[in-house]
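Novice: Contents of data_24.txt (compact mmCIF, C-alpha atoms and all ligand atoms) are given next:
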```txt
# COMPACT_ATOMS: atom_id res chain seq x y z
CA MET A 226 -20.83 -13.27 3.38
CA GLN A 227 -18.00 -13.37 5.85
CA LYS A 228 -16.05 -10.18 6.56
CA ILE A 229 -12.30 -10.51 7.00
CA TYR A 230 -10.62 -8.03 9.34
CA SER A 231 -6.93 -7.25 9.70
CA ARG A 232 -7.11 -6.42 13.43
CA GLU A 233 -5.23 -9.50 14.67
CA ILE A 234 -2.43 -9.49 12.10
CA VAL A 235 -2.04 -5.73 12.58
CA ALA A 236 -1.73 -6.12 16.36
CA ALA A 237 0.83 -8.93 16.03
CA ARG A 238 2.96 -7.08 13.49
CA LYS A 239 2.75 -3.84 15.48
CA ALA A 240 3.99 -5.63 18.59
CA ALA A 241 6.97 -6.95 16.59
CA LEU A 242 7.64 -3.41 15.31
CA VAL A 243 7.58 -1.98 18.84
CA GLU A 244 10.18 -4.53 19.87
CA ALA A 245 12.42 -4.02 16.81
CA ILE A 246 12.26 -0.22 17.08
CA GLY A 247 13.03 -0.43 20.80
CA ALA A 248 16.18 -2.42 19.98
CA LEU A 249 17.23 0.13 17.33
CA ARG A 250 16.63 3.04 19.70
CA ALA A 251 18.67 1.29 22.40
CA ARG A 252 21.68 1.53 20.11
CA GLY A 253 21.02 5.10 19.07
CA VAL A 254 19.12 4.64 15.82
CA VAL A 255 15.73 6.39 15.79
CA PRO A 256 13.78 5.30 12.69
CA LYS A 257 12.25 8.28 10.98
CA LEU A 258 9.67 8.39 8.22
CA ALA A 259 8.89 11.47 6.12
CA ALA A 260 5.60 11.74 4.23
CA VAL A 261 5.36 14.23 1.38
CA VAL A 262 2.12 15.68 0.02
CA CYS A 263 2.31 17.44 -3.35
CA SER A 264 -1.37 18.26 -3.89
CA ALA A 265 -3.78 20.33 -1.83
CA ASP A 266 -6.03 17.34 -1.22
CA PRO A 267 -7.70 16.92 2.21
CA ALA A 268 -7.71 13.12 1.80
CA ALA A 269 -3.94 13.07 1.23
CA LEU A 270 -3.40 15.30 4.26
CA SER A 271 -5.61 13.11 6.44
CA TYR A 272 -3.67 10.08 5.26
CA VAL A 273 -0.49 11.81 6.52
CA ALA A 274 -2.17 12.20 9.93
CA VAL A 275 -2.96 8.44 9.92
CA LYS A 276 0.70 7.71 9.09
CA ARG A 277 1.90 9.93 11.93
CA LYS A 278 -0.37 8.16 14.41
CA HIS A 279 0.84 4.71 13.36
CA ALA A 280 4.53 5.76 13.37
CA GLU A 281 4.31 7.29 16.83
CA GLU A 282 2.41 4.27 18.20
CA VAL A 283 5.37 2.00 17.46
CA GLY A 284 8.06 4.49 18.53
CA ALA A 285 9.21 5.81 15.14
CA ASP A 286 9.75 9.50 14.42
CA PHE A 287 7.66 11.15 11.74
CA GLU A 288 7.78 14.32 9.68
CA GLY A 289 5.00 15.55 7.40
CA VAL A 290 6.14 17.68 4.47
CA ASP A 291 3.59 19.75 2.57
CA LEU A 292 4.86 20.69 -0.89
CA SER A 293 1.42 21.53 -2.23
CA HIS A 294 2.36 25.22 -2.24
CA ALA A 295 5.51 24.69 -4.28
CA GLY A 296 5.19 26.73 -7.42
CA SER A 297 6.70 24.32 -9.92
CA TYR A 298 8.03 20.84 -10.42
CA GLY A 299 11.54 22.33 -10.19
CA GLU A 300 10.78 23.70 -6.76
CA ILE A 301 9.35 20.34 -5.64
CA ALA A 302 12.49 18.62 -6.93
CA MET A 303 14.71 21.01 -4.96
CA HIS A 304 12.81 20.28 -1.71
CA MET A 305 12.85 16.54 -2.42
CA ARG A 306 16.60 16.45 -2.95
CA ALA A 307 17.21 18.27 0.34
CA LEU A 308 14.77 15.99 2.19
CA CYS A 309 16.19 12.75 0.78
CA ALA A 310 19.76 13.82 1.61
CA ARG A 311 18.99 14.16 5.33
CA PRO A 312 20.72 11.42 7.33
CA ASP A 313 18.07 11.49 10.11
CA ILE A 314 15.35 10.43 7.64
CA HIS A 315 15.46 6.75 6.68
CA GLY A 316 12.42 6.57 4.43
CA VAL A 317 10.40 8.99 2.31
CA ILE A 318 6.87 8.30 1.09
CA VAL A 319 5.27 10.49 -1.57
CA VAL A 320 1.57 10.31 -0.85
CA MET A 321 -0.50 9.65 -3.97
CA SER A 322 -3.51 11.94 -4.22
CA SER A 323 -6.79 11.16 -5.91
CA LYS A 324 -6.67 14.72 -7.30
CA PRO A 325 -3.01 15.03 -8.27
CA GLU A 326 -1.64 18.45 -9.20
CA VAL A 327 1.69 17.01 -10.35
CA ASP A 328 2.63 13.51 -11.48
CA GLU A 329 3.37 12.03 -8.07
CA ILE A 330 5.19 9.07 -9.60
CA ASP A 331 7.63 11.54 -11.18
CA VAL A 332 8.15 12.98 -7.69
CA THR A 333 8.55 9.46 -6.26
CA ASN A 334 11.30 8.82 -8.79
CA LEU A 335 13.28 11.60 -7.08
CA VAL A 336 13.54 9.38 -3.99
CA PRO A 337 16.68 7.22 -4.16
CA ALA A 338 15.97 3.47 -3.90
CA HIS A 339 17.62 3.27 -0.47
CA LYS A 340 15.04 5.73 0.93
CA ASP A 341 12.05 4.66 -1.16
CA VAL A 342 9.90 3.32 1.68
CA ASP A 343 6.82 2.60 -0.46
CA GLY A 344 8.81 0.84 -3.21
CA LEU A 345 7.08 2.81 -5.95
CA SER A 346 10.12 4.36 -7.61
CA VAL A 347 11.41 3.05 -10.91
CA GLY A 348 14.40 1.29 -9.34
CA ASN A 349 12.41 -0.70 -6.79
CA LEU A 350 9.67 -1.62 -9.25
CA GLY A 351 12.30 -2.71 -11.78
CA ALA A 352 13.86 -4.97 -9.15
CA LEU A 353 10.41 -6.31 -8.28
CA LEU A 354 9.90 -7.32 -11.93
CA GLN A 355 13.32 -8.94 -12.09
CA ASN A 356 12.78 -10.64 -8.69
CA GLY A 357 16.29 -12.05 -8.76
CA PRO A 358 17.79 -14.21 -6.01
CA HIS A 359 20.34 -11.58 -4.96
CA GLN A 360 18.01 -8.66 -5.18
CA ARG A 361 16.85 -6.73 -2.18
CA PHE A 362 13.98 -4.45 -2.95
CA ILE A 363 11.20 -2.73 -1.10
CA ALA A 364 7.75 -3.86 -2.23
CA PRO A 365 4.88 -1.35 -2.23
CA ALA A 366 2.93 -1.37 1.02
CA THR A 367 -0.67 -1.52 -0.23
CA PRO A 368 -0.11 -4.53 -2.52
CA ARG A 369 1.89 -6.16 0.30
CA ALA A 370 -1.08 -5.61 2.61
CA CYS A 371 -3.48 -7.17 0.06
CA ILE A 372 -1.26 -10.23 -0.21
CA ALA A 373 -0.61 -10.55 3.54
CA LEU A 374 -4.34 -10.33 4.28
CA ALA A 375 -5.17 -12.94 1.60
CA GLU A 376 -2.49 -15.22 3.04
CA THR A 377 -4.23 -15.20 6.43
CA GLN A 378 -6.98 -17.11 4.56
CA GLU A 379 -5.20 -19.38 2.08
CA PRO A 380 -1.89 -19.87 0.25
CA LEU A 381 -1.53 -18.07 -3.10
CA ALA A 382 0.81 -20.40 -4.98
CA GLY A 383 -1.10 -22.27 -7.68
CA LYS A 384 -4.26 -20.18 -7.26
CA THR A 385 -6.12 -18.50 -10.10
CA VAL A 386 -6.41 -14.81 -9.24
CA VAL A 387 -7.95 -11.81 -10.93
CA VAL A 388 -6.76 -8.28 -10.21
CA ILE A 389 -9.29 -5.61 -11.14
CA GLY A 390 -7.36 -2.37 -11.62
CA ARG A 391 -4.04 -1.53 -13.23
CA GLY A 392 -3.10 1.57 -11.24
CA ARG A 393 0.49 2.39 -10.55
CA THR A 394 0.26 2.17 -6.75
CA VAL A 395 -1.88 -0.97 -6.32
CA GLY A 396 -3.09 -2.96 -9.32
CA LYS A 397 0.01 -3.13 -11.47
CA PRO A 398 2.57 -3.84 -8.73
CA LEU A 399 0.10 -6.24 -7.04
CA ALA A 400 -0.32 -8.28 -10.25
CA ASN A 401 3.44 -8.67 -10.54
CA MET A 402 3.85 -9.54 -6.87
CA LEU A 403 1.16 -12.22 -7.24
CA VAL A 404 3.06 -13.68 -10.21
CA ASN A 405 6.17 -13.76 -8.00
CA ALA A 406 4.09 -15.54 -5.31
CA GLY A 407 3.15 -18.33 -7.74
CA ALA A 408 -0.40 -17.34 -8.59
CA THR A 409 -1.86 -17.42 -12.10
CA VAL A 410 -2.83 -13.81 -12.70
CA THR A 411 -5.34 -12.08 -14.96
CA VAL A 412 -5.48 -8.28 -14.88
CA CYS A 413 -8.81 -6.64 -15.72
CA HIS A 414 -9.23 -2.89 -16.16
CA SER A 415 -11.34 -0.14 -17.69
CA ALA A 416 -10.79 -1.42 -21.26
CA THR A 417 -11.62 -5.05 -20.39
CA GLN A 418 -14.73 -6.48 -22.06
CA ASP A 419 -16.91 -8.45 -19.63
CA ILE A 420 -14.90 -8.29 -16.39
CA PRO A 421 -17.34 -10.69 -14.59
CA LYS A 422 -16.45 -13.42 -17.10
CA PHE A 423 -12.92 -13.32 -15.71
CA SER A 424 -13.55 -12.41 -12.07
CA ARG A 425 -16.26 -15.04 -11.49
CA ALA A 426 -13.88 -17.80 -12.60
CA ALA A 427 -11.08 -16.89 -10.18
CA ASP A 428 -10.23 -18.45 -6.81
CA ILE A 429 -9.32 -15.02 -5.42
CA VAL A 430 -10.29 -11.54 -6.66
CA PHE A 431 -8.34 -8.40 -5.75
CA VAL A 432 -10.20 -5.15 -6.40
CA ALA A 433 -8.28 -1.86 -6.65
CA THR A 434 -10.08 0.61 -8.88
CA GLY A 435 -11.07 3.51 -6.63
CA ARG A 436 -14.76 3.21 -7.62
CA PRO A 437 -16.59 2.99 -4.30
CA HIS A 438 -19.19 0.19 -4.03
CA PHE A 439 -19.08 -0.35 -7.81
CA PHE A 440 -18.58 -4.13 -7.66
CA GLY A 441 -21.67 -6.12 -6.71
CA ARG A 442 -22.83 -9.70 -6.89
CA ASP A 443 -22.48 -10.03 -10.69
CA TYR A 444 -18.71 -9.91 -10.42
CA PHE A 445 -18.27 -12.75 -7.94
CA SER A 446 -19.08 -16.40 -7.35
CA GLU A 447 -19.58 -18.42 -4.19
CA GLY A 448 -16.56 -19.79 -2.36
CA GLN A 449 -14.31 -16.93 -3.45
CA LEU A 450 -12.01 -14.78 -1.37
CA VAL A 451 -12.32 -11.09 -2.30
CA VAL A 452 -9.68 -8.58 -1.22
CA ASP A 453 -10.87 -4.96 -1.39
CA ALA A 454 -8.13 -2.31 -1.65
CA GLY A 455 -10.58 0.55 -2.27
CA VAL A 456 -10.47 3.63 -0.05
CA GLY A 457 -13.17 5.82 -1.57
CA PHE A 458 -15.81 7.87 0.19
CA ILE A 459 -19.60 7.67 0.08
CA ASP A 460 -21.48 10.36 2.04
CA GLY A 461 -18.23 11.21 3.82
CA LYS A 462 -17.72 7.62 4.98
CA LEU A 463 -14.83 5.38 3.94
CA ALA A 464 -16.08 2.83 1.38
CA GLY A 465 -14.36 0.01 -0.47
CA ASP A 466 -14.74 -0.80 -4.16
CA VAL A 467 -16.95 -3.80 -3.35
CA ASP A 468 -20.60 -3.35 -2.41
CA GLY A 469 -20.64 -5.61 0.64
CA ALA A 470 -24.41 -5.20 1.15
CA ALA A 471 -24.99 -6.76 -2.30
CA LEU A 472 -23.11 -9.87 -1.15
CA GLU A 473 -25.28 -10.55 1.92
CA GLY A 474 -26.49 -14.13 1.92
CA PHE A 475 -23.75 -15.10 -0.53
CA ASP A 476 -21.15 -17.72 0.50
CA ILE A 477 -18.10 -15.50 0.04
CA ARG A 478 -15.30 -13.96 2.12
CA LEU A 479 -14.69 -10.22 1.72
CA THR A 480 -12.03 -8.09 3.40
CA ALA A 481 -13.54 -5.22 5.37
CA VAL A 482 -13.30 -1.49 4.58
CA PRO A 483 -12.53 0.07 7.01
CA GLY A 484 -10.60 -2.47 9.06
CA GLY A 485 -9.02 -4.56 6.31
CA VAL A 486 -6.23 -3.64 3.88
CA GLY A 487 -5.85 0.00 5.11
CA PRO A 488 -4.51 -0.49 8.65
CA LEU A 489 -2.19 -3.26 7.43
CA THR A 490 -0.79 -0.89 4.77
CA SER A 491 0.28 1.56 7.46
CA VAL A 492 2.04 -1.20 9.41
CA LEU A 493 3.83 -2.45 6.29
CA ILE A 494 5.15 1.05 5.49
CA LEU A 495 6.83 0.94 8.90
CA GLU A 496 8.14 -2.59 8.29
CA ASN A 497 9.56 -1.27 5.01
CA LEU A 498 11.20 1.56 6.98
CA LEU A 499 13.00 -0.99 9.16
CA ALA A 500 13.99 -2.97 6.06
CA LEU A 501 15.58 0.18 4.61
CA ILE A 502 17.55 0.65 7.83
CA ALA A 503 18.70 -2.99 7.75
CA HIS A 504 19.74 -2.66 4.09
CA ALA A 505 21.62 0.56 4.86
CA GLU A 506 23.43 -1.06 7.77
CA ALA A 507 24.34 -4.06 5.63
CA ALA A 508 25.76 -1.64 3.05
CA HIS A 509 27.56 0.32 5.83
CA ARG A 510 25.65 3.44 4.99
CA LEU A 511 24.62 3.87 8.64
N1 LIG B 601 2.48 6.32 -1.83
C1 LIG B 601 1.29 6.04 -1.31
N2 LIG B 601 1.12 4.85 -0.66
C2 LIG B 601 -0.07 4.56 -0.10
O1 LIG B 601 -0.21 3.48 0.50
C3 LIG B 601 -1.15 5.50 -0.19
C4 LIG B 601 -0.92 6.69 -0.89
N3 LIG B 601 0.29 6.92 -1.44
N4 LIG B 601 -1.89 7.61 -1.02
C5 LIG B 601 -3.14 7.49 -0.29
C6 LIG B 601 -3.54 6.04 -0.16
C7 LIG B 601 -4.59 5.82 0.89
N5 LIG B 601 -4.01 4.91 1.84
C8 LIG B 601 -4.60 4.47 3.02
C9 LIG B 601 -3.93 3.71 3.95
C10 LIG B 601 -4.52 3.32 5.14
C11 LIG B 601 -5.81 3.68 5.41
C12 LIG B 601 -6.44 3.22 6.68
O2 LIG B 601 -5.77 2.74 7.57
N6 LIG B 601 -7.76 3.35 6.81
C13 LIG B 601 -8.48 2.87 7.96
C14 LIG B 601 -9.51 3.87 8.41
C15 LIG B 601 -8.92 5.16 8.81
C16 LIG B 601 -10.00 6.20 9.08
O3 LIG B 601 -11.13 5.80 9.33
O4 LIG B 601 -9.68 7.39 9.00
C17 LIG B 601 -9.17 1.57 7.61
O5 LIG B 601 -9.23 1.23 6.41
O6 LIG B 601 -9.63 0.90 8.51
C18 LIG B 601 -6.52 4.42 4.49
C19 LIG B 601 -5.91 4.81 3.32
C20 LIG B 601 -2.72 4.63 1.47
N7 LIG B 601 -2.40 5.27 0.35
```
Starting from the coordinates I provided, produce the structure as structure tokens.
Specialist:
Amino acid sequence: MQKIYSREIVAARKAALVEAIGALRARGVVPKLAAVVCSADPAALSYVAVKRKHAEEVGADFEGVDLSHAGSYGEIAMHMRALCARPDIHGVIVVMSSKPEVDEIDVTNLVPAHKDVDGLSVGNLGALLQNGPHQRFIAPATPRACIALAETQEPLAGKTVVVIGRGRTVGKPLANMLVNAGATVTVCHSATQDIPKFSRAADIVFVATGRPHFFGRDYFSEGQLVVDAGVGFIDGKLAGDVDGAALEGFDIRLTAVPGGVGPLTSVLILENLLALIAHAEAAHRL
């Protein structure tokens, strides 16, 4: 088994971000990202800290917003409207929690498309499905990271791929983005009978279920590329959905957790932030 790390692509893309943000700052535009947490979930809060670190490393401003104490959806909506109206904030991400206290996609839909930095609102996802030639949309960062990491290994057009997971932040948008990229896509999920029948036959398998170390040797076949988008915890340690230890001695490439999709996701959120600024400037909103 060969582990695939994102370190090099992350470093290269970060260096490009530093340069682009420096150029923006030189003409008075300071990119600013706001990250909103709606649920009192330590994992969501720690993810905000990771976002802050990455933003500050490349010279972007960052604001964490904790709405977990808001009493009602109405109160959350009021805070969201005020936040999204602020001209100093170019992008707003609503952090999805594994223990949501409100429907965080509903909250995401309060972010207007021109500030929807993670591309998860209804408008951006609709545009992603349409994928028209004149459409500019923001694609969700985690699926983008899965695809960018896979593309460091092999082209996707014409490949047979299986996506395990149909979640709203990774699996479902990822499957549609893979279709757009020219892959032949099968989506497996909790109601699928005999997932290995499908996953073993694929050229590339993307796993995004949030079940740490659930997927072992039975699910895969030799020669495959496996992209692991899982960010679960086992004994307090970050663990992907794929049980890497079960693949030892197997001729297969597996993206690392930690060190694979995760760090690239953070970089792509910031690339999305710059794309929002470019779109706004093209539309003379800035
Ligand atoms: N709207 C939304 N978009 C998201 O993309 C999103 C979200 N909500 N909710 C939470 C999950 C989680 N997530 C991670 C991103 C990077 C790392 C990451 O960089 N992890 C490092 C390790 C960091 C450490 O060890 O603390 C790694 O994998 O190497 C982890 C987790 C994005 N998420």
Novice: What's the 9 Å shell around Leu353 (chain A), counting all atoms listed in the file, without same-chain residues fewer than 4 positions away, as a PyMOL selection string?
Specialist: chain A and resi 344+348-349+357+360-364+398+401-402+405
Novice: Write out as a list in words each polymer residue (protein, DNA or RNA) that has an atom no more than 6 Å from ligand LIG 601 (chain B), with only C-alpha atoms and all ligand atoms counted.
Specialist: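 What falls inside 6 Å of ligand LIG 601 (chain B) is Ala269, Ile318, Val319, Val320, Met321, Ser322, Asp343, Ala366, Thr367, Val456, Val482, Pro483, Gly484, Gly485, Gly487, Pro488, Thr490 and Ser491 of chain A.
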Novice: Set the distance at 9 Å and use only C-alpha atoms: which residues neighbour Ala259 (chain A) once local chain neighbours fewer than 4 positions away are removed? I'd like the list as a PyMOL selection string.
Specialist: chain A and resi 286-290+308+314-319
Novice: For the residues selected in the previous step, produce a file with C-alpha atoms as an mmCIF file, keeping the file's coordinate frame.
Specialist:
```
data_model
loop_
_atom_site.group_PDB
_atom_site.id
_atom_site.type_symbol
_atom_site.label_atom_id
_atom_site.label_comp_id
_atom_site.auth_asym_id
_atom_site.auth_seq_id
_atom_site.Cartn_x
_atom_site.Cartn_y
_atom_site.Cartn_z
ATOM 1 C CA ASP A 286 9.750 9.500 14.420
ATOM 2 C CA PHE A 287 7.660 11.150 11.740
ATOM 3 C CA GLU A 288 7.780 14.320 9.680
ATOM 4 C CA GLY A 289 5.000 15.550 7.400
ATOM 5 C CA VAL A 290 6.140 17.680 4.470
ATOM 6 C CA LEU A 308 14.770 15.990 2.190
ATOM 7 C CA ILE A 314 15.350 10.430 7.640
ATOM 8 C CA HIS A 315 15.460 6.750 6.680
ATOM 9 C CA GLY A 316 12.420 6.570 4.430
ATOM 10 C CA VAL A 317 10.400 8.990 2.310
ATOM 11 C CA ILE A 318 6.870 8.300 1.090
ATOM 12 C CA VAL A 319 5.270 10.490 -1.570
#
```
Novice: Using all atoms listed in the file, pick whichever of A:Ile420, A:Ala427, A:Arg393, A:Leu381 has the shortest atom-to-atom distance to Val347 (chain A).
Specialist: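 Checking each of A:Ile420, A:Ala427, A:Arg393, A:Leu381 against Val347 (chain A), counting all atoms listed in the file, the winner is A:Arg393.
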Novice: Using only C-alpha atoms, can you tell me which of A:Ala416, A:Lys397, A:Ile429, A:Ala338 comes closest to Glu376 (chain A)?
Specialist: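 Of A:Ala416, A:Lys397, A:Ile429, A:Ala338, the one nearest Glu376 (chain A) is A:Ile429, counting only C-alpha atoms.
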Novice: Distance table requested - region 325-381 of chain A against region 231-244 of chain A, cut-off 12 Å, all atoms listed in the file: one row per qualifying residue with the closest atom pair and its distance in Å to one decimal, ordered by chain and rising residue number, as a Markdown table.
Specialist:
```
| residue | atom | partner | partner_atom | distance |
| --- | --- | --- | --- | --- |
| A:Ala370 | CA | A:Ser231 | CA | 9.3 |
| A:Cys371 | CA | A:Ser231 | CA | 10.2 |
| A:Ile372 | CA | A:Ser231 | CA | 11.8 |
| A:Ala373 | CA | A:Ile234 | CA | 8.8 |
| A:Leu374 | CA | A:Ser231 | CA | 6.8 |
| A:Ala375 | CA | A:Ser231 | CA | 10.1 |
| A:Glu376 | CA | A:Ile234 | CA | 10.7 |
| A:Thr377 | CA | A:Ile234 | CA | 8.2 |
| A:Gln378 | CA | A:Ser231 | CA | 11.1 |
```
Novice: Please, could you write that set of residues out with C-alpha atoms as a PDB file, keeping the file's coordinate frame?
Specialist:
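Generated file (out32.pdb):
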```pdb
ATOM      1  CA  ALA A 370      -1.080  -5.610   2.610  1.00  0.00           C
ATOM      2  CA  CYS A 371      -3.480  -7.170   0.060  1.00  0.00           C
ATOM      3  CA  ILE A 372      -1.260 -10.230  -0.210  1.00  0.00           C
ATOM      4  CA  ALA A 373      -0.610 -10.550   3.540  1.00  0.00           C
ATOM      5  CA  LEU A 374      -4.340 -10.330   4.280  1.00  0.00           C
ATOM      6  CA  ALA A 375      -5.170 -12.940   1.600  1.00  0.00           C
ATOM      7  CA  GLU A 376      -2.490 -15.220   3.040  1.00  0.00           C
ATOM      8  CA  THR A 377      -4.230 -15.200   6.430  1.00  0.00           C
ATOM      9  CA  GLN A 378      -6.980 -17.110   4.560  1.00  0.00           C
TER      10      GLN A 378
END
```
Novice: Separation of CA of Gly461 (chain A) and CA of Phe440 (chain A), in Å?
Specialist: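 So the answer is 19.2 Å.
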Novice: Would you mind telling me which residue in A:Ala471, A:Leu501, A:Ala507, A:Val273 lies nearest to Val342 (chain A) when using only C-alpha atoms?
Specialist: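 Looking at the shortest contact to Val342 (chain A), the residue is A:Leu501.
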Novice: What is the CA of Ile301 (chain A)-CA of Val395 (chain A) distance in Å, reported with one decimal?
Specialist: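 Separation between CA of Ile301 (chain A) and CA of Val395 (chain A): 24.1 Å.
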Novice: Hey, what's within 6 Å of Val451 (chain A) if we count all atoms listed in the file and toss same-chain stuff fewer than 4 positions away? As a PyMOL selection string, please?
Specialist: chain A and resi 429-431+479
Novice: State, in Å with one decimal place, the distance from CA of Pro256 (chain A) to CA of Ala280 (chain A).
Specialist: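 So the answer is 9.3 Å.
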Novice: Which residue, A:Gly253, A:Cys263, A:Glu281, A:Ala274, has the smallest gap to Ala302 (chain A) when you use all atoms listed in the file?
Specialist: A:Cys263
Novice: Around (-26.8, -14.1, 0.1) in the file's own coordinates, what residues are found within 12 Å if you use only C-alpha atoms, given back as JSON, numbers by chain?
Specialist: {"A": [226, 227, 441, 442, 445, 446, 447, 448, 469, 470, 471, 472, 473, 474, 475, 476, 477, 478]}
Novice: Find, counting only C-alpha atoms, the residue in A:Ser346, A:Ala505, A:Leu399, A:Ile389 that gets nearest to Thr434 (chain A).
Specialist: A:Ile389
Novice: Which residue out of A:Thr385, A:Lys276, A:Ala307, A:Ser264 has the minimum interatomic distance to Asp291 (chain A) when only C-alpha atoms are used?
Specialist: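 Closest to Asp291 (chain A), using only C-alpha atoms: A:Ser264.
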